[in-house]
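Structure file run-v6.tsv; described as TSV, C-alpha atoms.
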chain	number	residue	atom	x	y	z
A	23	MET	CA	27.98	-2.40	11.57
A	24	GLY	CA	25.67	-0.34	9.34
A	25	GLU	CA	27.27	2.82	7.97
A	26	GLN	CA	26.29	6.05	9.67
A	27	CYS	CA	24.78	8.57	7.27
A	28	PRO	CA	27.63	11.03	6.50
A	29	ASP	CA	25.52	14.15	6.24
A	30	ALA	CA	22.71	15.85	8.10
A	31	THR	CA	19.78	14.55	6.08
A	32	LEU	CA	18.50	12.48	8.99
A	33	LEU	CA	18.21	15.65	11.05
A	34	THR	CA	15.53	17.12	8.77
A	35	MET	CA	12.65	16.24	11.03
A	36	THR	CA	14.08	16.29	14.56
A	37	ASP	CA	12.07	17.60	17.47
A	38	SER	CA	13.84	20.96	17.18
A	39	ASP	CA	12.80	21.27	13.55
A	40	VAL	CA	9.20	20.49	14.42
A	41	ASN	CA	9.37	23.17	17.13
A	42	MET	CA	10.71	25.68	14.60
A	43	MET	CA	7.69	24.94	12.41
A	44	GLY	CA	5.57	25.86	15.40
A	45	SER	CA	6.53	29.54	14.98
A	46	ASN	CA	3.94	29.72	12.27
A	47	GLN	CA	0.37	28.72	13.05
A	48	LEU	CA	-0.34	27.30	9.61
A	49	GLN	CA	2.81	25.23	9.68
A	50	ARG	CA	1.90	23.90	13.12
A	51	GLU	CA	-1.53	22.90	11.90
A	52	ALA	CA	-0.09	21.34	8.73
A	53	THR	CA	2.37	19.32	10.81
A	54	ASP	CA	-0.48	18.11	13.03
A	55	TRP	CA	-2.35	16.98	9.93
A	56	LEU	CA	0.71	15.14	8.63
A	57	ILE	CA	1.27	13.32	11.92
A	58	LEU	CA	-2.39	12.25	11.99
A	59	LEU	CA	-2.25	10.96	8.43
A	60	THR	CA	0.96	9.00	8.97
A	61	SER	CA	-0.33	7.46	12.20
A	62	GLY	CA	-2.43	4.93	10.31
A	63	GLU	CA	-5.60	6.17	12.04
A	64	ALA	CA	-6.78	8.49	9.25
A	65	THR	CA	-10.34	8.01	8.01
A	66	ARG	CA	-12.19	9.35	4.99
A	67	THR	CA	-13.76	11.95	7.30
A	68	ASN	CA	-10.26	13.12	8.28
A	69	LEU	CA	-9.22	13.45	4.64
A	70	LEU	CA	-12.35	15.42	3.81
A	71	ALA	CA	-11.66	17.74	6.75
A	72	LEU	CA	-8.08	18.22	5.58
A	73	GLN	CA	-9.33	18.92	2.07
A	74	SER	CA	-11.51	21.70	3.49
A	75	TRP	CA	-8.59	23.04	5.51
A	76	CYS	CA	-6.36	23.19	2.40
A	77	ARG	CA	-9.08	25.04	0.51
A	78	GLN	CA	-9.20	27.92	2.98
A	79	SER	CA	-6.39	29.75	1.19
A	80	PRO	CA	-3.33	29.15	-1.00
A	81	SER	CA	-1.23	29.55	2.15
A	82	HIS	CA	-3.06	26.65	3.80
A	83	ALA	CA	-2.50	24.41	0.78
A	84	GLU	CA	1.18	25.34	0.50
A	85	ALA	CA	1.74	24.79	4.24
A	86	PHE	CA	0.53	21.22	3.96
A	87	ALA	CA	2.54	20.62	0.78
A	88	SER	CA	5.63	22.02	2.51
A	89	ALA	CA	5.16	19.78	5.55
A	90	SER	CA	4.79	16.78	3.25
A	91	ARG	CA	8.02	17.65	1.46
A	92	LEU	CA	9.94	17.21	4.71
A	93	TRP	CA	9.46	13.48	4.35
A	94	ARG	CA	11.19	13.57	0.98
A	95	ALA	CA	14.20	15.37	2.46
A	96	LEU	CA	15.38	12.11	4.02
A	97	GLY	CA	17.36	11.39	0.86
A	98	PRO	CA	17.44	9.26	-2.31
A	99	ALA	CA	16.08	6.22	-0.44
A	100	LEU	CA	12.72	7.96	-0.08
A	101	ASP	CA	12.64	9.02	-3.72
A	102	ALA	CA	13.22	5.41	-4.79
A	103	ALA	CA	10.49	4.21	-2.45
A	104	SER	CA	8.13	6.83	-3.79
A	105	ARG	CA	8.71	5.72	-7.38
A	106	SER	CA	8.26	2.05	-6.52
A	107	GLU	CA	4.99	2.67	-4.68
A	108	GLU	CA	3.48	5.18	-7.11
A	109	ARG	CA	-0.04	4.28	-8.15
A	110	MET	CA	0.03	3.97	-11.91
A	111	ALA	CA	-3.38	2.50	-12.70
A	112	ARG	CA	-6.39	4.82	-12.58
A	113	HIS	CA	-8.76	2.92	-14.91
A	114	ALA	CA	-12.08	2.72	-13.05
A	115	LEU	CA	-14.56	0.01	-13.95
A	116	PRO	CA	-18.21	0.87	-14.72
A	117	ARG	CA	-20.23	1.44	-11.56
A	118	THR	CA	-23.40	-0.49	-10.77
A	119	GLU	CA	-26.64	1.19	-9.75
A	120	SER	CA	-26.26	-0.25	-6.25
A	121	ARG	CA	-23.30	2.07	-5.65
A	122	PRO	CA	-24.25	4.79	-3.12
A	123	ILE	CA	-25.62	7.85	-4.93
A	124	GLY	CA	-23.28	10.80	-5.16
A	125	ARG	CA	-20.10	9.08	-4.01
A	126	ARG	CA	-18.37	9.17	-7.40
A	127	ALA	CA	-19.48	12.75	-8.04
A	128	ALA	CA	-18.32	13.80	-4.59
A	129	LEU	CA	-14.90	12.25	-5.13
A	130	GLY	CA	-14.56	13.98	-8.49
A	131	GLY	CA	-15.39	17.31	-6.90
A	132	LEU	CA	-12.78	16.81	-4.19
A	133	LEU	CA	-10.00	16.03	-6.66
A	134	ALA	CA	-10.99	18.88	-9.00
A	135	ALA	CA	-10.15	21.52	-6.41
A	136	GLY	CA	-6.46	21.56	-7.38
A	137	GLY	CA	-3.58	23.21	-5.53
A	138	ALA	CA	-0.37	21.85	-4.06
A	139	GLY	CA	-1.92	20.71	-0.80
A	140	LEU	CA	-4.79	18.94	-2.53
A	141	TYR	CA	-2.41	17.22	-4.93
A	142	VAL	CA	-0.48	15.80	-1.99
A	143	LEU	CA	-3.75	14.80	-0.34
A	144	ALA	CA	-4.86	12.88	-3.44
A	145	ASN	CA	-1.34	11.49	-4.15
A	146	PRO	CA	0.16	10.75	-0.72
A	147	PRO	CA	3.98	10.58	-0.77
A	148	LEU	CA	5.28	7.03	-0.20
A	149	GLY	CA	1.70	5.85	0.39
A	150	LEU	CA	1.91	7.28	3.92
A	151	TRP	CA	-1.88	7.60	4.10
A	152	PRO	CA	-4.80	6.31	2.02
A	153	SER	CA	-5.76	8.44	-0.97
A	154	LEU	CA	-9.30	9.70	-1.45
A	155	SER	CA	-9.81	7.16	-4.25
A	156	ASP	CA	-8.84	4.36	-1.86
A	157	LEU	CA	-11.25	5.49	0.84
A	158	ALA	CA	-14.06	6.02	-1.69
A	159	ALA	CA	-13.84	2.40	-2.90
A	160	ASP	CA	-16.67	-0.08	-2.32
A	161	TYR	CA	-14.44	-1.96	0.10
A	162	HIS	CA	-11.36	-0.63	1.88
A	163	THR	CA	-9.13	-1.90	4.68
A	164	GLY	CA	-6.90	0.21	6.89
A	165	ILE	CA	-3.31	-0.49	7.86
A	166	GLY	CA	-3.13	-3.86	9.62
A	167	GLU	CA	-6.79	-4.62	8.91
A	168	GLN	CA	-8.07	-7.68	7.03
A	169	ARG	CA	-11.64	-8.15	5.85
A	170	GLN	CA	-13.68	-11.11	4.59
A	171	ILE	CA	-16.21	-10.25	1.86
A	172	SER	CA	-18.98	-12.64	0.79
A	173	LEU	CA	-20.31	-11.74	-2.63
A	174	ARG	CA	-22.69	-13.69	-4.87
A	175	ASP	CA	-23.04	-17.46	-4.53
A	176	GLY	CA	-19.70	-19.19	-4.77
A	177	VAL	CA	-17.49	-16.08	-4.72
A	178	SER	CA	-15.62	-14.74	-1.71
A	179	VAL	CA	-12.78	-12.27	-1.26
A	180	GLU	CA	-10.48	-11.60	1.67
A	181	LEU	CA	-8.81	-8.20	1.59
A	182	ASN	CA	-5.40	-7.78	3.12
A	183	THR	CA	-4.01	-4.67	4.80
A	184	ALA	CA	-4.43	-1.23	3.16
A	185	SER	CA	-6.39	-2.57	0.20
A	186	SER	CA	-9.20	-1.10	-1.90
A	187	LEU	CA	-11.69	-2.93	-4.12
A	188	ASN	CA	-14.50	-1.80	-6.42
A	189	LEU	CA	-17.34	-3.96	-7.71
A	190	ALA	CA	-19.16	-3.98	-11.05
A	191	GLU	CA	-21.00	-6.33	-13.38
A	192	SER	CA	-21.13	-6.39	-17.17
A	193	GLY	CA	-22.95	-8.83	-19.44
A	194	GLY	CA	-23.58	-11.27	-16.63
A	195	VAL	CA	-19.88	-11.38	-15.74
A	196	GLU	CA	-18.98	-10.22	-12.27
A	197	ARG	CA	-16.08	-7.79	-12.38
A	198	MET	CA	-13.93	-6.19	-9.73
A	199	GLU	CA	-11.10	-3.69	-9.65
A	200	LEU	CA	-8.30	-4.07	-7.14
A	201	ILE	CA	-7.33	-0.40	-6.87
A	202	SER	CA	-4.43	-1.20	-4.58
A	203	GLY	CA	-3.35	-3.80	-2.06
A	204	GLU	CA	-3.87	-7.55	-1.92
A	205	ALA	CA	-6.80	-9.95	-2.09
A	206	ALA	CA	-7.33	-13.71	-1.76
A	207	VAL	CA	-10.12	-14.80	-4.10
A	208	ALA	CA	-12.17	-18.01	-4.13
A	209	VAL	CA	-14.49	-18.91	-7.02
A	210	GLY	CA	-16.46	-22.03	-6.11
A	211	ALA	CA	-18.20	-24.64	-8.23
A	212	ASN	CA	-21.57	-23.01	-7.53
A	213	ALA	CA	-20.49	-19.63	-8.91
A	214	LEU	CA	-22.93	-18.37	-11.56
A	215	GLY	CA	-20.20	-17.47	-14.02
A	216	PRO	CA	-16.59	-16.35	-14.41
A	217	LEU	CA	-15.03	-13.73	-12.20
A	218	VAL	CA	-12.81	-11.00	-13.67
A	219	ILE	CA	-10.57	-8.76	-11.57
A	220	ALA	CA	-8.87	-5.75	-13.15
A	221	ALA	CA	-5.71	-4.16	-11.75
A	222	ALA	CA	-3.16	-1.79	-13.29
A	223	GLY	CA	-4.39	-2.23	-16.85
A	224	GLY	CA	-4.56	-6.04	-16.78
A	225	GLU	CA	-7.20	-8.62	-15.93
A	226	SER	CA	-7.29	-11.95	-14.12
A	227	SER	CA	-10.25	-14.27	-14.77
A	228	ALA	CA	-11.19	-17.61	-13.26
A	229	ARG	CA	-13.83	-20.30	-12.77
A	230	MET	CA	-13.55	-22.77	-9.89
A	231	ALA	CA	-10.22	-21.47	-8.66
A	232	ASN	CA	-8.46	-19.99	-5.67
A	233	PHE	CA	-5.89	-17.30	-6.30
A	234	ASN	CA	-4.06	-14.41	-4.68
A	235	LEU	CA	-3.71	-10.97	-6.30
A	236	ARG	CA	-1.22	-8.28	-5.21
A	237	HIS	CA	-1.26	-4.76	-6.66
A	238	TYR	CA	1.38	-2.41	-5.31
A	239	GLY	CA	2.72	0.51	-7.30
A	240	SER	CA	2.69	-0.33	-11.02
A	241	THR	CA	3.15	-4.08	-10.51
A	242	VAL	CA	0.57	-6.85	-10.13
A	243	CYS	CA	1.42	-10.38	-8.98
A	244	VAL	CA	-1.08	-13.21	-9.61
A	245	SER	CA	-0.64	-16.53	-7.76
A	246	CYS	CA	-2.83	-19.51	-8.63
A	247	LEU	CA	-3.41	-21.69	-5.57
A	248	SER	CA	-5.85	-24.15	-7.14
A	249	GLY	CA	-7.66	-24.49	-10.46
A	250	GLN	CA	-6.65	-22.20	-13.30
A	251	VAL	CA	-6.37	-18.42	-13.70
A	252	GLU	CA	-6.09	-16.61	-17.02
A	253	VAL	CA	-4.05	-13.40	-16.95
A	254	ALA	CA	-4.43	-10.84	-19.76
A	255	TYR	CA	-2.20	-7.78	-20.13
A	256	ARG	CA	-1.69	-5.52	-23.14
A	257	GLY	CA	-2.85	-8.05	-25.71
A	258	ARG	CA	-1.01	-11.01	-24.18
A	259	THR	CA	-2.55	-13.85	-22.20
A	260	LEU	CA	-1.14	-16.48	-19.87
A	261	THR	CA	-2.88	-19.39	-18.14
A	262	LEU	CA	-1.65	-20.18	-14.65
A	263	ALA	CA	-2.05	-23.68	-13.23
A	264	GLU	CA	-2.06	-24.63	-9.55
A	265	ARG	CA	1.05	-23.44	-7.65
A	266	GLN	CA	2.10	-21.04	-10.41
A	267	GLN	CA	2.66	-17.29	-10.33
A	268	ALA	CA	3.14	-14.47	-12.84
A	269	THR	CA	3.76	-10.74	-12.60
A	270	TYR	CA	2.81	-7.93	-14.96
A	271	GLY	CA	3.36	-4.20	-15.16
A	272	GLU	CA	5.33	-1.52	-17.00
A	273	GLY	CA	4.61	-3.28	-20.31
A	274	GLU	CA	5.89	-6.72	-19.27
A	275	LEU	CA	4.11	-10.02	-18.49
A	276	THR	CA	6.47	-12.61	-17.00
A	277	PRO	CA	6.28	-16.35	-17.75
A	278	ALA	CA	4.66	-18.61	-15.17
A	279	GLN	CA	6.93	-19.50	-12.24
A	280	PRO	CA	6.51	-22.07	-9.43
A	281	VAL	CA	5.34	-20.61	-6.13
A	282	ASP	CA	4.90	-21.82	-2.54
A	283	PRO	CA	1.21	-21.29	-1.63
A	284	ALA	CA	2.03	-21.31	2.10
A	285	ALA	CA	4.31	-18.30	1.73
A	286	VAL	CA	1.85	-16.45	-0.53
A	287	THR	CA	-1.09	-16.85	1.84
A	288	ALA	CA	0.76	-16.61	5.17
A	289	TRP	CA	-0.82	-13.19	5.76
A	290	ARG	CA	-4.20	-14.90	6.17
A	291	GLU	CA	-2.71	-16.64	9.24
A	292	ARG	CA	-1.47	-13.26	10.53
A	293	VAL	CA	2.19	-14.01	9.81
A	294	LEU	CA	4.79	-12.96	7.23
A	295	ILE	CA	7.29	-15.51	5.90
A	296	PHE	CA	10.55	-14.54	4.17
A	297	ARG	CA	13.05	-16.93	2.63
A	298	ASN	CA	16.39	-15.49	1.50
A	299	GLU	CA	14.78	-12.12	0.82
A	300	ARG	CA	16.65	-8.85	0.59
A	301	LEU	CA	16.19	-6.71	3.68
A	302	ASP	CA	14.86	-3.73	1.72
A	303	ARG	CA	12.07	-5.95	0.33
A	304	VAL	CA	11.33	-7.26	3.81
A	305	ILE	CA	11.02	-3.70	5.13
A	306	ALA	CA	8.77	-2.72	2.22
A	307	GLU	CA	6.44	-5.61	3.02
A	308	VAL	CA	6.41	-4.90	6.76
A	309	ASN	CA	5.52	-1.26	6.06
A	310	ARG	CA	2.25	-2.39	4.51
A	311	TYR	CA	1.09	-3.73	7.86
A	312	ARG	CA	2.68	-1.34	10.32
A	313	ARG	CA	1.38	2.06	11.39
A	314	GLY	CA	4.03	4.65	10.61
A	315	ARG	CA	7.06	3.91	8.48
A	316	ILE	CA	10.40	2.07	8.62
A	317	ILE	CA	12.93	3.75	6.34
A	318	LEU	CA	16.15	1.98	5.33
A	319	VAL	CA	18.89	4.41	4.25
A	320	ASN	CA	21.96	2.16	4.18
A	321	PRO	CA	22.42	0.55	0.70
A	322	ALA	CA	24.75	-2.16	2.03
A	323	LEU	CA	22.26	-3.07	4.73
A	324	ALA	CA	19.44	-3.18	2.16
A	325	GLU	CA	21.18	-6.06	0.33
A	326	ARG	CA	21.48	-8.33	3.37
A	327	GLN	CA	19.55	-11.59	3.04
A	328	VAL	CA	16.78	-12.40	5.49
A	329	THR	CA	15.03	-15.66	6.35
A	330	ALA	CA	12.46	-15.04	9.03
A	331	ARG	CA	8.89	-15.42	10.22
A	332	PHE	CA	7.17	-12.45	11.84
A	333	LYS	CA	3.78	-12.23	13.52
A	334	LEU	CA	1.67	-9.30	12.33
A	335	ASP	CA	0.88	-8.27	15.90
A	336	ARG	CA	4.62	-8.02	16.74
A	337	LEU	CA	6.11	-6.16	13.80
A	338	ASP	CA	8.36	-4.02	15.97
A	339	ASP	CA	10.38	-7.22	16.42
A	340	VAL	CA	11.63	-6.56	12.88
A	341	VAL	CA	13.46	-3.41	13.97
A	342	THR	CA	14.87	-5.15	17.03
A	343	GLN	CA	16.20	-8.07	15.01
A	344	VAL	CA	17.72	-5.88	12.29
A	345	ARG	CA	19.49	-3.88	14.97
A	346	ASP	CA	20.70	-6.93	16.90
A	347	VAL	CA	21.62	-9.21	13.97
A	348	PHE	CA	23.02	-6.68	11.49
A	349	GLY	CA	24.28	-4.03	13.90
A	350	ALA	CA	22.02	-1.35	12.43
A	351	GLN	CA	21.22	1.88	14.20
A	352	ALA	CA	17.58	2.85	14.67
A	353	ARG	CA	16.33	6.40	15.04
A	354	GLN	CA	12.76	7.28	16.04
A	355	LEU	CA	11.03	10.19	14.26
A	356	PRO	CA	7.54	11.67	14.63
A	357	GLY	CA	4.60	9.73	13.24
A	358	ASN	CA	5.99	6.35	14.42
A	359	THR	CA	8.68	6.58	11.72
A	360	ILE	CA	11.97	4.71	12.29
A	361	VAL	CA	15.13	5.31	10.25
A	362	LEU	CA	17.51	2.34	10.01
A	363	SER	CA	21.14	3.07	9.09
Starting from the file, give its structure as structure tokens.
Amino acid sequence: MGEQCPDATLLTMTDSDVNMMGSNQLQREATDWLILLTSGEATRTNLLALQSWCRQSPSHAEAFASASRLWRALGPALDAASRSEERMARHALPRTESRPIGRRAALGGLLAAGGAGLYVLANPPLGLWPSLSDLAADYHTGIGEQRQISLRDGVSVELNTASSLNLAESGGVERMELISGEAAVAVGANALGPLVIAAAGGESSARMANFNLRHYGSTVCVSCLSGQVEVAYRGRTLTLAERQQATYGEGELTPAQPVDPAAVTAWRERVLIFRNERLDRVIAEVNRYRRGRIILVNPALAERQVTARFKLDRLDDVVTQVRDVFGAQARQLPGNTIVLS
């Protein structure tokens, strides 16, 4: 049986607390904004409207920042999740002239406004909603959305859930930046030249290859499915052959390791496959596809091993199985958030 949390931290955002926030109009409005953003339905228009709301006065900005801090009051588990999902790479590639006029300037103006509320808006805690930089990308997918992108001859990209991609070209070499998320990339024999994808300070380049790229937090994982992929990071390079994988980030580039392509690309078949994976890692992966948030606050439960296959259109089965198999307790909070203990 999962251990019950010994203190009152899980009571931070009960219905009664939300009602208490309602005694102040600004706090009510800030809470409404937070619930919208964590619902998974937020659009760039919503974020721009919230940005305007925060700018009305310092009190507006602080009200939103205060509402956001409630999510952090759930304990050390949230702080650890926040650190692991922090976006570390902010190195934008050169823009092409085909990029819509004014978009980059508009984004810069939005982020330059400052203030506590605007900082939270641009740096969402725990990745609970897309940042302005994500939504301003050339290509962006929402939570649970996948998108096929056909580029020049011989190059195609499929974006996974909650992913953002920018395009550029330099010296005849097509370049991309995976701002965040995951992409499956195919470079065919008829491609006009090499393809280079930047992410978190590193680059992956390929000719005639299929590979998968994951960029979450400060870590990037490159999986070569066919052909060869060259990975460069902080002056070091590594060539991946078919069915090999490497990870880089925080100053380290790992050696090539064998990988199962079926497990890596299962998301393209709308399923998630886990083999002897820690439960906390399973929950982290599920959260990328699910609207709202599943929060695991029991350290012993987090270490339990999971072998499972989940369909993306039935992710609530994860909570049911964790409760039934491991004896965990599940508590529903606003914004489709579930706390497992």
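Counting from atom CA of Glu180 of chain A, the distance to atom CA of Ala206 of chain A is 5.1 Å.
If you look at atom CA of Asn232 of chain A and atom CA of Arg303 of chain A, they are 25.6 Å away from each other.
At a cut-off of 6 Å from (-17.8, -12.8, -11.5), the residue set is Val195, Glu196, Arg197, Gly215, Pro216, Leu217 and Val218 of chain A (counting only C-alpha atoms).
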> In Å, with one decimal, what is the gap from atom CA of Arg331 of chain A to atom CA of Ala350 of chain A?
Replying inline: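 Separation of atom CA of Arg331 of chain A and atom CA of Ala350 of chain A: 19.4 Å.
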>> I'd like to know which of A:Gln279, A:Ala222, A:Asp175, A:Met230 is closest to Ser245 of chain A, using only C-alpha atoms.
In response: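 Ranking A:Gln279, A:Ala222, A:Asp175, A:Met230 by distance to Ser245 of chain A, first place goes to A:Gln279.
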> Which of these, A:Cys76, A:Leu294, A:Ala228, A:Leu323, has the shortest distance to Gly349 of chain A once you count all atoms listed in the file?
Replying inline: A:Leu323
>> Which polymer residues, whether protein, DNA or RNA, lie within 6 Å of the coordinate (16.5, -11.6, 3.4) when you count all atoms listed in the file? List them as a list in words, using the chain letters and numbers from the file.
In response: Asn298, Glu299, Arg300, Leu301, Arg326, Gln327, Val328 and Thr329 of chain A
>> Env of Gln250 of chain A: 9 Å cut, atoms = all atoms listed in the file, seq-sep filter 5 positions within chain, self excluded. Answer as an NGL selection string.
In response: :A and (227-233 or 261-264)
What would the file look like if the residues just selected were written as a compact mmCIF listing (two decimals), in the coordinates of the input with C-alpha atoms?
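Listed below is the output, result_23.txt:
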# COMPACT_ATOMS: atom_id res chain seq x y z
CA SER A 227 -10.25 -14.27 -14.77
CA ALA A 228 -11.19 -17.61 -13.26
CA ARG A 229 -13.83 -20.30 -12.77
CA MET A 230 -13.55 -22.77 -9.89
CA ALA A 231 -10.22 -21.47 -8.66
CA ASN A 232 -8.46 -19.99 -5.67
CA PHE A 233 -5.89 -17.30 -6.30
CA THR A 261 -2.88 -19.39 -18.14
CA LEU A 262 -1.65 -20.18 -14.65
CA ALA A 263 -2.05 -23.68 -13.23
CA GLU A 264 -2.06 -24.63 -9.55
>> For a quick check of understanding, using all atoms listed in the file, which of A:Gln343, A:Ala71, A:Pro280, A:Asn212 has the smallest distance to Val244 of chain A?
In response: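 The answer is A:Pro280, which sits nearest to Val244 of chain A.
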> Restricting the calculation to only C-alpha atoms, which member of A:Phe296, A:Arg290, A:Leu69, A:Thr241 is positioned closest to Glu272 of chain A?
Replying inline: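 Looking only at the distances to Glu272 of chain A, the closest residue turns out to be A:Thr241.
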> Which is closest to Val344 of chain A among A:Ser363, A:Thr287, A:Gln78, A:Asn182, if we use all atoms listed in the file?
Replying inline: A:Ser363
>> Taking 3 positions as the minimum chain separation for residues in the same chain, which residues sit within 12 Å of segment 257-259 of chain A when counting only C-alpha atoms? Answer as a PyMOL selection string.
In response: chain A and resi 223-227+251-254+262+268-270+273-278
> Using only C-alpha atoms, which residues sit within 9 Å of Glu204 of chain A once same-chain residues fewer than 3 positions away are excluded, as a list in words?
Replying inline: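 Near Glu204 of chain A, the qualifying residues are Glu180, Leu181, Asn182, Thr183, Ala184, Ser185, Ser186, Leu200, Asn234, Leu235, Arg236, His237 and Tyr238 of chain A.
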Take the selection from the previous step and output its residues with C-alpha atoms, as a PDB file, keeping the file's coordinate frame.
ATOM      1  CA  GLU A 180     -10.480 -11.600   1.670  1.00  0.00           C
ATOM      2  CA  LEU A 181      -8.810  -8.200   1.590  1.00  0.00           C
ATOM      3  CA  ASN A 182      -5.400  -7.780   3.120  1.00  0.00           C
ATOM      4  CA  THR A 183      -4.010  -4.670   4.800  1.00  0.00           C
ATOM      5  CA  ALA A 184      -4.430  -1.230   3.160  1.00  0.00           C
ATOM      6  CA  SER A 185      -6.390  -2.570   0.200  1.00  0.00           C
ATOM      7  CA  SER A 186      -9.200  -1.100  -1.900  1.00  0.00           C
ATOM      8  CA  LEU A 200      -8.300  -4.070  -7.140  1.00  0.00           C
ATOM      9  CA  ASN A 234      -4.060 -14.410  -4.680  1.00  0.00           C
ATOM     10  CA  LEU A 235      -3.710 -10.970  -6.300  1.00  0.00           C
ATOM     11  CA  ARG A 236      -1.220  -8.280  -5.210  1.00  0.00           C
ATOM     12  CA  HIS A 237      -1.260  -4.760  -6.660  1.00  0.00           C
ATOM     13  CA  TYR A 238       1.380  -2.410  -5.310  1.00  0.00           C
TER      14      TYR A 238
END
> For Ile295 of chain A, which of A:Ala330, A:Ile316, A:Ala322, A:Ala83 is the closest residue, counting only C-alpha atoms?
Replying inline: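 Smallest separation from Ile295 of chain A among the options: A:Ala330.
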Six-sided padding of 8 Å per side, axis-aligned box over segment 281-285 of chain A, centre and edges in Å, one decimal, as AutoDock Vina command-line options:
--center_x 3.3 --center_y -20.1 --center_z -2.0 --size_x 20.1 --size_y 19.5 --size_z 24.2
